[in-house]
$ cat target.cif   # mmCIF, C-alpha atoms, pLDDT in the B column; chains and numbers go by the auth columns
data_protein
loop_
_atom_site.group_PDB
_atom_site.id
_atom_site.type_symbol
_atom_site.label_atom_id
_atom_site.label_comp_id
_atom_site.label_asym_id
_atom_site.label_seq_id
_atom_site.Cartn_x
_atom_site.Cartn_y
_atom_site.Cartn_z
_atom_site.B_iso_or_equiv
_atom_site.auth_seq_id
_atom_site.auth_asym_id
ATOM 1 C CA MET A 1 -34.641 66.408 103.863 49.00 1 A
ATOM 2 C CA ASP A 2 -37.316 64.051 102.598 47.00 2 A
ATOM 3 C CA ILE A 3 -38.831 66.180 99.846 46.00 3 A
ATOM 4 C CA ASP A 4 -40.709 63.394 98.102 47.00 4 A
ATOM 5 C CA GLU A 5 -42.262 61.831 101.228 49.00 5 A
ATOM 6 C CA GLN A 6 -40.540 58.454 100.954 49.00 6 A
ATOM 7 C CA SER A 7 -38.482 58.645 104.124 44.00 7 A
ATOM 8 C CA ASN A 8 -37.488 54.989 103.931 40.00 8 A
ATOM 9 C CA LEU A 9 -35.332 55.863 100.915 38.00 9 A
ATOM 10 C CA GLY A 10 -33.152 58.390 102.739 42.00 10 A
ATOM 11 C CA LYS A 11 -33.547 61.533 100.642 48.00 11 A
ATOM 12 C CA VAL A 12 -30.979 64.293 101.011 50.00 12 A
ATOM 13 C CA THR A 13 -30.791 67.528 99.037 53.00 13 A
ATOM 14 C CA TRP A 14 -27.449 69.289 98.676 53.00 14 A
ATOM 15 C CA THR A 15 -25.905 72.129 96.737 52.00 15 A
ATOM 16 C CA PHE A 16 -22.505 72.059 95.047 50.00 16 A
ATOM 17 C CA THR A 17 -20.254 74.729 93.621 49.00 17 A
ATOM 18 C CA HIS A 18 -17.014 74.385 91.708 46.00 18 A
ATOM 19 C CA GLN A 19 -15.018 74.273 94.958 47.00 19 A
ATOM 20 C CA HIS A 20 -16.509 70.966 96.137 49.00 20 A
ATOM 21 C CA ARG A 21 -18.448 69.205 93.381 49.00 21 A
ATOM 22 C CA ARG A 22 -16.000 66.338 92.789 52.00 22 A
ATOM 23 C CA GLY A 23 -17.493 63.890 90.308 55.00 23 A
ATOM 24 C CA PHE A 24 -20.786 65.710 89.767 56.00 24 A
ATOM 25 C CA GLY A 25 -19.827 67.459 86.549 59.00 25 A
ATOM 26 C CA SER A 26 -21.819 70.628 87.248 67.00 26 A
ATOM 27 C CA ASP A 27 -22.745 73.130 89.939 72.00 27 A
ATOM 28 C CA GLY A 28 -26.214 73.318 91.362 77.00 28 A
ATOM 29 C CA LEU A 29 -28.776 71.721 93.620 80.00 29 A
ATOM 30 C CA TRP A 30 -28.667 67.911 93.754 77.00 30 A
ATOM 31 C CA GLN A 31 -30.836 65.276 95.437 76.00 31 A
ATOM 32 C CA TRP A 32 -29.654 61.865 96.695 73.00 32 A
ATOM 33 C CA THR A 33 -32.349 59.343 95.779 72.00 33 A
ATOM 34 C CA ASP A 34 -32.994 55.704 96.619 71.00 34 A
ATOM 35 C CA ASN A 35 -29.722 55.611 98.588 70.00 35 A
ATOM 36 C CA LYS A 36 -27.830 55.211 95.307 73.00 36 A
ATOM 37 C CA ASP A 37 -28.081 58.131 92.865 76.00 37 A
ATOM 38 C CA TRP A 38 -27.537 61.909 92.800 76.00 38 A
ATOM 39 C CA VAL A 39 -30.087 63.699 90.601 78.00 39 A
ATOM 40 C CA SER A 40 -29.760 67.329 89.484 79.00 40 A
ATOM 41 C CA VAL A 41 -32.683 69.446 90.746 81.00 41 A
ATOM 42 C CA HIS A 42 -31.433 72.856 89.561 82.00 42 A
ATOM 43 C CA LYS A 43 -28.318 74.143 87.780 81.00 43 A
ATOM 44 C CA MET A 44 -27.742 77.141 90.081 82.00 44 A
ATOM 45 C CA ALA A 45 -25.842 76.773 93.359 77.00 45 A
ATOM 46 C CA VAL A 46 -27.722 77.714 96.513 83.00 46 A
ATOM 47 C CA ILE A 47 -26.867 80.541 98.976 86.00 47 A
ATOM 48 C CA ALA A 48 -29.381 79.483 101.631 87.00 48 A
ATOM 49 C CA MET A 49 -31.853 76.628 102.012 88.00 49 A
ATOM 50 C CA THR A 50 -34.208 75.154 104.607 89.00 50 A
ATOM 51 C CA SER A 51 -37.122 72.759 104.679 88.00 51 A
ATOM 52 C CA GLY A 52 -40.649 72.878 106.047 89.00 52 A
ATOM 53 C CA ASP A 53 -44.266 72.327 105.068 90.00 53 A
ATOM 54 C CA PHE A 54 -44.799 75.722 103.431 91.00 54 A
ATOM 55 C CA ASP A 55 -48.044 74.893 101.615 91.00 55 A
ATOM 56 C CA GLY A 56 -49.658 73.130 104.614 89.00 56 A
ATOM 57 C CA ASN A 57 -50.386 69.804 102.909 91.00 57 A
ATOM 58 C CA GLY A 58 -48.204 67.649 105.184 88.00 58 A
ATOM 59 C CA GLN A 59 -45.378 67.143 102.647 87.00 59 A
ATOM 60 C CA GLU A 60 -41.940 68.612 103.104 86.00 60 A
ATOM 61 C CA ASP A 61 -40.995 71.542 100.852 89.00 61 A
ATOM 62 C CA ILE A 62 -37.762 73.517 100.536 89.00 62 A
ATOM 63 C CA ALA A 63 -37.154 77.284 100.593 92.00 63 A
ATOM 64 C CA ILE A 64 -34.160 78.363 98.499 91.00 64 A
ATOM 65 C CA SER A 65 -32.170 81.485 97.732 91.00 65 A
ATOM 66 C CA PHE A 66 -29.991 80.860 94.662 87.00 66 A
ATOM 67 C CA SER A 67 -28.158 84.188 94.329 81.00 67 A
ATOM 68 C CA ALA A 68 -28.262 87.829 95.374 82.00 68 A
ATOM 69 C CA SER A 69 -30.559 88.660 92.443 87.00 69 A
ATOM 70 C CA SER A 70 -32.716 85.520 92.110 89.00 70 A
ATOM 71 C CA GLY A 71 -35.160 86.093 94.963 92.00 71 A
ATOM 72 C CA LEU A 72 -36.669 83.548 97.363 94.00 72 A
ATOM 73 C CA TRP A 73 -38.118 80.353 95.884 94.00 73 A
ATOM 74 C CA TYR A 74 -40.089 77.379 97.192 94.00 74 A
ATOM 75 C CA ARG A 75 -39.862 73.903 95.692 91.00 75 A
ATOM 76 C CA LEU A 76 -43.216 72.479 96.702 92.00 76 A
ATOM 77 C CA ASN A 77 -43.711 68.724 97.132 87.00 77 A
ATOM 78 C CA GLY A 78 -40.518 67.993 95.194 83.00 78 A
ATOM 79 C CA LYS A 79 -42.078 69.255 91.955 86.00 79 A
ATOM 80 C CA ALA A 80 -43.320 72.832 91.502 90.00 80 A
ATOM 81 C CA TRP A 81 -41.111 75.958 91.706 93.00 81 A
ATOM 82 C CA VAL A 82 -42.836 79.033 93.153 95.00 82 A
ATOM 83 C CA LYS A 83 -41.199 82.464 93.453 95.00 83 A
ATOM 84 C CA VAL A 84 -42.043 83.848 96.897 94.00 84 A
ATOM 85 C CA HIS A 85 -40.226 87.189 96.890 95.00 85 A
ATOM 86 C CA ASN A 86 -37.933 89.287 94.674 94.00 86 A
ATOM 87 C CA LEU A 87 -35.360 89.858 97.444 92.00 87 A
ATOM 88 C CA SER A 88 -32.843 87.105 98.211 90.00 88 A
ATOM 89 C CA PRO A 89 -32.148 86.183 101.844 90.00 89 A
ATOM 90 C CA VAL A 90 -28.631 85.274 102.957 88.00 90 A
ATOM 91 C CA ASN A 91 -29.971 82.985 105.698 89.00 91 A
ATOM 92 C CA ILE A 92 -33.270 81.087 105.906 89.00 92 A
ATOM 93 C CA VAL A 93 -34.899 79.401 108.901 90.00 93 A
ATOM 94 C CA ALA A 94 -38.287 77.691 109.146 89.00 94 A
ATOM 95 C CA ALA A 95 -40.370 77.236 112.297 87.00 95 A
ATOM 96 C CA ASP A 96 -43.915 76.209 113.193 83.00 96 A
ATOM 97 C CA LEU A 97 -44.969 79.309 115.104 82.00 97 A
ATOM 98 C CA ASP A 98 -48.648 78.455 115.582 79.00 98 A
ATOM 99 C CA GLY A 99 -48.130 74.866 116.766 68.00 99 A
#

$ encode --input "target.cif" --output "structure tokens"
Amino acid sequence: MDIDEQSNLGKVTWTFTHQHRRGFGSDGLWQWTDNKDWVSVHKMAVIAMTSGDFDGNGQEDIAISFSASSGLWYRLNGKAWVKVHNLSPVNIVAADLDG
């Protein structure tokens, strides 16, 4: 996912838990930046995540469910966190239904 709109830098966002975080030092949501560094985005591990342009401005955003009680969140434009709903989905999919 290219959540900061610099696709030439190869951005990837990933979540780690204690079972597979080798070398990261903590659980949570991490972003690979500039093809060289992992940066912590959030301390909580993610249950479900997808990307899409949720605010309609042409930049990629991510939709995230952190836990069964955290609700559904958007991270808009790689910066702002917005709570979308109090219920937490187990799976998330994004689609452009109106073309």

$ atom_distance --input "target.cif" --atom1 "atom CA of Ser88 of chain A" --atom2 "atom CA of Gly28 of chain A"
16.8 Å

$ residues_around --input "target.cif" --residues "Ile47 of chain A" --least-positions-apart "4" --cutoff "9 Å" --atoms "only C-alpha atoms" --output "list in words"
Thr15, Ile64, Ser65, Phe66, Ser67, Ala68, Ser88, Pro89, Val90 and Asn91 of chain A

$ closest_residue --input "target.cif" --among "A:Asn57, A:Ser40, A:Gln31, A:Asn86" --to "Trp73 of chain A" --atoms "all atoms listed in the file"
A:Asn86

$ residues_around --input "target.cif" --residues "Leu97 of chain A" --least-positions-apart "3" --cutoff "12 Å" --atoms "only C-alpha atoms" --output "list of chain:residue names"
A:Gly52, A:Val93, A:Ala94

$ closest_residue --input "target.cif" --among "A:Ala63, A:Val84, A:Leu76, A:Val46" --to "Trp30 of chain A" --atoms "all atoms listed in the file"
A:Val46

$ atom_distance --input "target.cif" --atom1 "atom CA of Val82 of chain A" --atom2 "atom CA of Lys36 of chain A"
28.2 Å

$ build_atoms --input "target.cif" --residues "segment 30-59 of chain A" --atoms "N, CA and C atoms" --output "compact mmCIF listing (two decimals), in the frame of the given file"
# COMPACT_ATOMS: atom_id res chain seq x y z
N TRP A 30 -28.59 69.34 94.06
CA TRP A 30 -28.67 67.91 93.75
C TRP A 30 -29.44 67.19 94.84
N GLN A 31 -30.08 66.09 94.49
CA GLN A 31 -30.84 65.28 95.44
C GLN A 31 -30.33 63.84 95.39
N TRP A 32 -30.05 63.27 96.56
CA TRP A 32 -29.65 61.86 96.70
C TRP A 32 -30.93 61.04 96.76
N THR A 33 -31.11 60.11 95.84
CA THR A 33 -32.35 59.34 95.78
C THR A 33 -32.10 57.85 95.88
N ASP A 34 -33.01 57.17 96.50
CA ASP A 34 -32.99 55.70 96.62
C ASP A 34 -31.69 55.16 97.21
N ASN A 35 -31.00 55.99 97.99
CA ASN A 35 -29.72 55.61 98.59
C ASN A 35 -28.70 55.14 97.57
N LYS A 36 -28.79 55.66 96.31
CA LYS A 36 -27.83 55.21 95.31
C LYS A 36 -27.48 56.23 94.23
N ASP A 37 -28.32 57.22 93.98
CA ASP A 37 -28.08 58.13 92.86
C ASP A 37 -28.24 59.59 93.26
N TRP A 38 -27.37 60.46 92.70
CA TRP A 38 -27.54 61.91 92.80
C TRP A 38 -28.25 62.37 91.55
N VAL A 39 -29.30 63.18 91.71
CA VAL A 39 -30.09 63.70 90.60
C VAL A 39 -30.06 65.23 90.67
N SER A 40 -29.78 65.87 89.54
CA SER A 40 -29.76 67.33 89.48
C SER A 40 -31.18 67.87 89.60
N VAL A 41 -31.38 68.81 90.56
CA VAL A 41 -32.68 69.45 90.75
C VAL A 41 -32.69 70.82 90.09
N HIS A 42 -31.55 71.52 90.16
CA HIS A 42 -31.43 72.86 89.56
C HIS A 42 -29.97 73.13 89.26
N LYS A 43 -29.70 73.87 88.21
CA LYS A 43 -28.32 74.14 87.78
C LYS A 43 -27.61 75.22 88.59
N MET A 44 -28.37 76.07 89.30
CA MET A 44 -27.74 77.14 90.08
C MET A 44 -27.39 76.65 91.48
N ALA A 45 -26.24 77.08 91.98
CA ALA A 45 -25.84 76.77 93.36
C ALA A 45 -26.70 77.60 94.32
N VAL A 46 -26.83 77.12 95.52
CA VAL A 46 -27.72 77.71 96.51
C VAL A 46 -26.94 78.52 97.54
N ILE A 47 -27.44 79.73 97.90
CA ILE A 47 -26.87 80.54 98.98
C ILE A 47 -27.41 80.09 100.32
N ALA A 48 -28.73 79.88 100.38
CA ALA A 48 -29.38 79.48 101.63
C ALA A 48 -30.54 78.55 101.31
N MET A 49 -30.79 77.59 102.24
CA MET A 49 -31.85 76.63 102.01
C MET A 49 -32.34 76.09 103.35
N THR A 50 -33.64 75.83 103.44
CA THR A 50 -34.21 75.15 104.61
C THR A 50 -35.42 74.37 104.15
N SER A 51 -35.94 73.54 105.03
CA SER A 51 -37.12 72.76 104.68
C SER A 51 -38.24 73.01 105.67
N GLY A 52 -39.45 72.73 105.23
CA GLY A 52 -40.65 72.88 106.05
C GLY A 52 -41.87 72.60 105.19
N ASP A 53 -43.02 72.53 105.81
CA ASP A 53 -44.27 72.33 105.07
C ASP A 53 -44.87 73.69 104.78
N PHE A 54 -44.42 74.35 103.72
CA PHE A 54 -44.80 75.72 103.43
C PHE A 54 -46.20 75.86 102.82
N ASP A 55 -46.70 74.81 102.20
CA ASP A 55 -48.04 74.89 101.62
C ASP A 55 -49.10 74.21 102.48
N GLY A 56 -48.71 73.67 103.64
CA GLY A 56 -49.66 73.13 104.61
C GLY A 56 -50.33 71.82 104.24
N ASN A 57 -49.75 71.06 103.31
CA ASN A 57 -50.39 69.80 102.91
C ASN A 57 -49.76 68.57 103.56
N GLY A 58 -48.82 68.77 104.49
CA GLY A 58 -48.20 67.65 105.18
C GLY A 58 -46.95 67.10 104.52
N GLN A 59 -46.59 67.58 103.33
CA GLN A 59 -45.38 67.14 102.65
C GLN A 59 -44.28 68.18 102.81
